[in-house]
>>> print(open('final.pdb').read())   # PDB, C-alpha atoms
MODEL        1
ATOM      1  CA  ALA A 109     124.699  -3.462  56.592  1.00  0.00           C
ATOM      2  CA  ALA A 110     121.180  -4.898  56.633  1.00  0.00           C
ATOM      3  CA  PHE A 111     118.335  -4.949  54.118  1.00  0.00           C
ATOM      4  CA  VAL A 112     114.778  -6.285  54.244  1.00  0.00           C
ATOM      5  CA  GLN A 113     112.055  -5.983  51.596  1.00  0.00           C
ATOM      6  CA  ALA A 114     108.363  -6.874  51.307  1.00  0.00           C
ATOM      7  CA  ASP A 115     106.714  -7.123  47.865  1.00  0.00           C
ATOM      8  CA  TYR A 116     102.933  -7.351  47.395  1.00  0.00           C
ATOM      9  CA  GLU A 117     101.107  -7.688  44.063  1.00  0.00           C
ATOM     10  CA  PRO A 118      97.503  -6.423  44.596  1.00  0.00           C
ATOM     11  CA  LEU A 119      96.774  -6.593  40.840  1.00  0.00           C
ATOM     12  CA  GLN A 120      98.541  -8.624  38.193  1.00  0.00           C
ATOM     13  CA  GLY A 121     101.499  -6.585  36.938  1.00  0.00           C
ATOM     14  CA  PHE A 122     101.337  -3.960  39.726  1.00  0.00           C
ATOM     15  CA  HIS A 123     103.678  -4.309  42.714  1.00  0.00           C
ATOM     16  CA  VAL A 124     103.865  -2.333  45.958  1.00  0.00           C
ATOM     17  CA  MET A 125     107.110  -2.696  47.917  1.00  0.00           C
ATOM     18  CA  LEU A 126     108.446  -1.597  51.284  1.00  0.00           C
ATOM     19  CA  THR A 127     112.193  -1.681  51.880  1.00  0.00           C
ATOM     20  CA  ALA A 128     114.250  -0.930  54.993  1.00  0.00           C
ATOM     21  CA  GLU A 129     118.027  -0.536  55.051  1.00  0.00           C
ATOM     22  CA  ALA A 130     120.536   0.070  57.855  1.00  0.00           C
ATOM     23  CA  MET A 131     124.291   0.692  57.603  1.00  0.00           C
ATOM     24  CA  ASN A 132     127.272   1.547  59.738  1.00  0.00           C
ATOM     25  CA  SER A 133     130.773   1.592  58.245  1.00  0.00           C
ATOM     26  CA  GLY A 134     132.405   0.916  61.606  1.00  0.00           C
ATOM     27  CA  GLN A 135     134.044   4.318  62.000  1.00  0.00           C
ATOM     28  CA  ALA A 136     134.453   5.217  65.683  1.00  0.00           C
ATOM     29  CA  GLY A 137     131.595   7.388  66.953  1.00  0.00           C
ATOM     30  CA  GLU A 138     129.507   6.948  63.802  1.00  0.00           C
ATOM     31  CA  PRO A 139     125.783   6.446  64.398  1.00  0.00           C
ATOM     32  CA  SER A 140     123.957   4.039  62.078  1.00  0.00           C
ATOM     33  CA  SER A 141     122.280   5.314  58.917  1.00  0.00           C
ATOM     34  CA  PHE A 142     118.762   4.215  57.896  1.00  0.00           C
ATOM     35  CA  ASP A 143     116.696   4.317  54.696  1.00  0.00           C
ATOM     36  CA  GLY A 144     113.052   3.496  54.131  1.00  0.00           C
ATOM     37  CA  TRP A 145     111.665   3.028  50.619  1.00  0.00           C
ATOM     38  CA  PHE A 146     108.072   2.906  49.407  1.00  0.00           C
ATOM     39  CA  SER A 147     107.907   1.742  45.796  1.00  0.00           C
ATOM     40  CA  ALA A 148     105.172   1.223  43.231  1.00  0.00           C
ATOM     41  CA  VAL A 149     106.052  -0.721  40.067  1.00  0.00           C
ATOM     42  CA  TRP A 150     103.791  -1.320  37.090  1.00  0.00           C
ATOM     43  CA  PHE A 151     104.848  -3.887  34.482  1.00  0.00           C
ATOM     44  CA  CYS A 152     102.847  -2.134  31.760  1.00  0.00           C
ATOM     45  CA  LEU A 153     104.158  -4.022  28.687  1.00  0.00           C
ATOM     46  CA  PRO A 154     106.323  -7.073  28.105  1.00  0.00           C
ATOM     47  CA  HIS A 155     109.893  -5.986  28.940  1.00  0.00           C
ATOM     48  CA  VAL A 156     108.811  -2.499  30.153  1.00  0.00           C
ATOM     49  CA  ASP A 157     108.070  -1.284  33.652  1.00  0.00           C
ATOM     50  CA  LEU A 158     107.384   2.080  35.272  1.00  0.00           C
ATOM     51  CA  ARG A 159     108.566   2.629  38.832  1.00  0.00           C
ATOM     52  CA  LEU A 160     108.029   5.369  41.422  1.00  0.00           C
ATOM     53  CA  ASP A 161     110.047   5.387  44.666  1.00  0.00           C
ATOM     54  CA  THR A 162     109.778   7.559  47.760  1.00  0.00           C
ATOM     55  CA  ILE A 163     112.962   7.339  49.829  1.00  0.00           C
ATOM     56  CA  PHE A 164     113.319   8.564  53.412  1.00  0.00           C
ATOM     57  CA  SER A 165     116.962   8.724  54.599  1.00  0.00           C
ATOM     58  CA  THR A 166     118.555   9.310  57.978  1.00  0.00           C
ATOM     59  CA  VAL A 167     122.336   9.542  57.622  1.00  0.00           C
ATOM     60  CA  GLY A 168     124.493   9.196  60.733  1.00  0.00           C
ATOM     61  CA  ILE A 169     127.252  11.806  60.947  1.00  0.00           C
ATOM     62  CA  PRO A 170     130.238  10.843  63.131  1.00  0.00           C
ATOM     63  CA  SER A 171     131.284  13.025  66.028  1.00  0.00           C
ATOM     64  CA  THR A 172     134.322  15.247  65.724  1.00  0.00           C
ATOM     65  CA  SER A 173     136.438  17.019  68.301  1.00  0.00           C
ATOM     66  CA  THR A 174     134.143  20.063  67.978  1.00  0.00           C
ATOM     67  CA  SER A 175     130.680  18.506  67.481  1.00  0.00           C
ATOM     68  CA  PRO A 176     128.743  15.471  68.731  1.00  0.00           C
ATOM     69  CA  ALA A 177     127.383  12.738  66.465  1.00  0.00           C
ATOM     70  CA  SER A 178     124.226  13.798  64.645  1.00  0.00           C
ATOM     71  CA  TYR A 179     121.795  12.823  61.880  1.00  0.00           C
ATOM     72  CA  ASP A 180     120.897  14.395  58.544  1.00  0.00           C
ATOM     73  CA  ASN A 181     117.371  13.590  57.279  1.00  0.00           C
ATOM     74  CA  SER A 182     116.164  13.836  53.688  1.00  0.00           C
ATOM     75  CA  SER A 183     113.376  12.672  51.383  1.00  0.00           C
ATOM     76  CA  THR A 184     113.728  11.856  47.690  1.00  0.00           C
ATOM     77  CA  TRP A 185     111.325  10.963  44.877  1.00  0.00           C
ATOM     78  CA  LEU A 186     112.645   8.817  42.043  1.00  0.00           C
ATOM     79  CA  ALA A 187     110.744   7.973  38.829  1.00  0.00           C
ATOM     80  CA  GLN A 188     112.158   5.355  36.453  1.00  0.00           C
ATOM     81  CA  VAL A 189     111.284   3.658  33.162  1.00  0.00           C
ATOM     82  CA  HIS A 190     112.982   0.297  32.608  1.00  0.00           C
ATOM     83  CA  VAL A 191     113.169  -1.312  29.173  1.00  0.00           C
ATOM     84  CA  PHE A 192     114.881  -4.694  29.132  1.00  0.00           C
ATOM     85  CA  LEU A 193     115.446  -7.716  26.888  1.00  0.00           C
TER      86      LEU A 193
ENDMDL
END
>>> encode(input="final.pdb", output="structure tokens")
Amino acid sequence: AAFVQADYEPLQGFHVMLTAEAMNSGQAGEPSSFDGWFSAVWFCLPHVDLRLDTIFSTVGIPSTSTSPASYDNSSTWLAQVHVFL
């Protein structure tokens, strides 16, 4: 597994992040899986933030006796509100 992230704060309290992930469980014939995240986070109040993520995923599917290894691609949007102490 591997993970790398870049975080930039263009305005105080507003963050833009890029994240890349790669994973392979070690199963024979399994291609690696990859994720790319684009995130925007606004720390709008003390102890409150709003976050919007766009996630692009490429999941490696192992080969079987009847089919070769392949990939399944998907995109996801995720909106979150965090309230913390």
>>> closest_residue(input="final.pdb", among="A:Ala187, A:Leu193, A:Gly137, A:Trp145", to="A:Ile169", atoms="all atoms listed in the file")
A:Gly137
>>> resolve_selection(input="final.pdb", expression="the PyMOL selection byres ((chain A and resi 175-185) around 10)", output="PyMOL selection string")
chain A and resi 137-147+160-174+186-187
>>> atom_distance(input="final.pdb", atom1="atom CA of A:Asp115", atom2="atom CA of A:Ala148")
9.7 Å
>>> closest_residue(input="final.pdb", among="A:Val191, A:Glu129, A:Ala136, A:His123", to="A:Leu153", atoms="all atoms listed in the file")
A:Val191
>>> resolve_selection(input="final.pdb", expression="the PyMOL selection byres ((chain A and resi 155) around 10)", output="list in words")
Phe151, Cys152, Leu153, Pro154, Val156, Asp157, His190, Val191, Phe192 and Leu193 of chain A
>>> atom_distance(input="final.pdb", atom1="atom CA of A:Ala114", atom2="atom CA of A:Val189")
21.2 Å
>>> atom_distance(input="final.pdb", atom1="atom CA of A:Val112", atom2="atom CA of A:Ala128")
5.4 Å
>>> closest_residue(input="final.pdb", among="A:Met125, A:Gln135, A:Trp150, A:Leu158", to="A:Gln113", atoms="all atoms listed in the file")
A:Met125
>>> build_atoms(input="final.pdb", residues="stretch 167-178 of chain A", atoms="all heavy atoms", output="PDB file, in the frame of the given file")
ATOM      1  N   VAL A 167     120.913   9.837  57.735  1.00  0.00           N
ATOM      2  CA  VAL A 167     122.336   9.542  57.622  1.00  0.00           C
ATOM      3  C   VAL A 167     123.030   9.915  58.926  1.00  0.00           C
ATOM      4  O   VAL A 167     122.922  11.051  59.392  1.00  0.00           O
ATOM      5  CB  VAL A 167     122.967  10.319  56.442  1.00  0.00           C
ATOM      6  CG1 VAL A 167     124.470  10.074  56.366  1.00  0.00           C
ATOM      7  CG2 VAL A 167     122.288   9.945  55.138  1.00  0.00           C
ATOM      8  N   GLY A 168     123.732   8.946  59.516  1.00  0.00           N
ATOM      9  CA  GLY A 168     124.493   9.196  60.733  1.00  0.00           C
ATOM     10  C   GLY A 168     125.778   9.928  60.427  1.00  0.00           C
ATOM     11  O   GLY A 168     126.528   9.534  59.529  1.00  0.00           O
ATOM     12  N   ILE A 169     126.039  11.015  61.140  1.00  0.00           N
ATOM     13  CA  ILE A 169     127.252  11.806  60.947  1.00  0.00           C
ATOM     14  C   ILE A 169     128.132  11.608  62.176  1.00  0.00           C
ATOM     15  O   ILE A 169     127.697  11.870  63.297  1.00  0.00           O
ATOM     16  CB  ILE A 169     126.898  13.296  60.750  1.00  0.00           C
ATOM     17  CG1 ILE A 169     125.984  13.447  59.524  1.00  0.00           C
ATOM     18  CG2 ILE A 169     128.169  14.135  60.609  1.00  0.00           C
ATOM     19  CD1 ILE A 169     125.382  14.813  59.368  1.00  0.00           C
ATOM     20  N   PRO A 170     129.354  11.118  61.984  1.00  0.00           N
ATOM     21  CA  PRO A 170     130.238  10.843  63.131  1.00  0.00           C
ATOM     22  C   PRO A 170     130.553  12.102  63.932  1.00  0.00           C
ATOM     23  O   PRO A 170     130.536  13.219  63.405  1.00  0.00           O
ATOM     24  CB  PRO A 170     131.505  10.285  62.501  1.00  0.00           C
ATOM     25  CG  PRO A 170     131.150   9.939  61.103  1.00  0.00           C
ATOM     26  CD  PRO A 170     129.983  10.783  60.719  1.00  0.00           C
ATOM     27  N   SER A 171     130.874  11.900  65.186  1.00  0.00           N
ATOM     28  CA  SER A 171     131.284  13.025  66.028  1.00  0.00           C
ATOM     29  C   SER A 171     132.694  13.465  65.647  1.00  0.00           C
ATOM     30  O   SER A 171     133.475  12.701  65.081  1.00  0.00           O
ATOM     31  CB  SER A 171     131.231  12.628  67.499  1.00  0.00           C
ATOM     32  OG  SER A 171     132.108  11.547  67.731  1.00  0.00           O
ATOM     33  N   THR A 172     132.982  14.704  65.925  1.00  0.00           N
ATOM     34  CA  THR A 172     134.322  15.247  65.724  1.00  0.00           C
ATOM     35  C   THR A 172     134.777  15.855  67.052  1.00  0.00           C
ATOM     36  O   THR A 172     134.022  15.871  68.021  1.00  0.00           O
ATOM     37  CB  THR A 172     134.341  16.329  64.618  1.00  0.00           C
ATOM     38  OG1 THR A 172     133.555  17.436  65.050  1.00  0.00           O
ATOM     39  CG2 THR A 172     133.798  15.781  63.298  1.00  0.00           C
ATOM     40  N   SER A 173     135.943  16.408  67.066  1.00  0.00           N
ATOM     41  CA  SER A 173     136.438  17.019  68.301  1.00  0.00           C
ATOM     42  C   SER A 173     135.638  18.263  68.671  1.00  0.00           C
ATOM     43  O   SER A 173     135.655  18.692  69.818  1.00  0.00           O
ATOM     44  CB  SER A 173     137.920  17.374  68.153  1.00  0.00           C
ATOM     45  OG  SER A 173     138.090  18.283  67.088  1.00  0.00           O
ATOM     46  N   THR A 174     134.905  18.838  67.697  1.00  0.00           N
ATOM     47  CA  THR A 174     134.143  20.063  67.978  1.00  0.00           C
ATOM     48  C   THR A 174     132.635  19.875  67.965  1.00  0.00           C
ATOM     49  O   THR A 174     131.908  20.791  68.316  1.00  0.00           O
ATOM     50  CB  THR A 174     134.509  21.158  66.956  1.00  0.00           C
ATOM     51  OG1 THR A 174     134.216  20.675  65.640  1.00  0.00           O
ATOM     52  CG2 THR A 174     135.982  21.526  67.067  1.00  0.00           C
ATOM     53  N   SER A 175     132.138  18.699  67.516  1.00  0.00           N
ATOM     54  CA  SER A 175     130.680  18.506  67.481  1.00  0.00           C
ATOM     55  C   SER A 175     130.325  17.048  67.783  1.00  0.00           C
ATOM     56  O   SER A 175     131.059  16.131  67.421  1.00  0.00           O
ATOM     57  CB  SER A 175     130.122  18.907  66.114  1.00  0.00           C
ATOM     58  OG  SER A 175     130.613  18.054  65.106  1.00  0.00           O
ATOM     59  N   PRO A 176     129.174  16.842  68.431  1.00  0.00           N
ATOM     60  CA  PRO A 176     128.743  15.471  68.731  1.00  0.00           C
ATOM     61  C   PRO A 176     128.173  14.783  67.488  1.00  0.00           C
ATOM     62  O   PRO A 176     127.883  15.440  66.480  1.00  0.00           O
ATOM     63  CB  PRO A 176     127.659  15.680  69.789  1.00  0.00           C
ATOM     64  CG  PRO A 176     127.117  17.045  69.492  1.00  0.00           C
ATOM     65  CD  PRO A 176     128.279  17.847  68.974  1.00  0.00           C
ATOM     66  N   ALA A 177     128.004  13.484  67.569  1.00  0.00           N
ATOM     67  CA  ALA A 177     127.383  12.738  66.465  1.00  0.00           C
ATOM     68  C   ALA A 177     125.978  13.284  66.229  1.00  0.00           C
ATOM     69  O   ALA A 177     125.300  13.728  67.159  1.00  0.00           O
ATOM     70  CB  ALA A 177     127.329  11.257  66.806  1.00  0.00           C
ATOM     71  N   SER A 178     125.553  13.268  64.982  1.00  0.00           N
ATOM     72  CA  SER A 178     124.226  13.798  64.645  1.00  0.00           C
ATOM     73  C   SER A 178     123.659  13.029  63.460  1.00  0.00           C
ATOM     74  O   SER A 178     124.270  12.084  62.960  1.00  0.00           O
ATOM     75  CB  SER A 178     124.324  15.289  64.321  1.00  0.00           C
ATOM     76  OG  SER A 178     125.155  15.491  63.193  1.00  0.00           O
TER      77      SER A 178
END
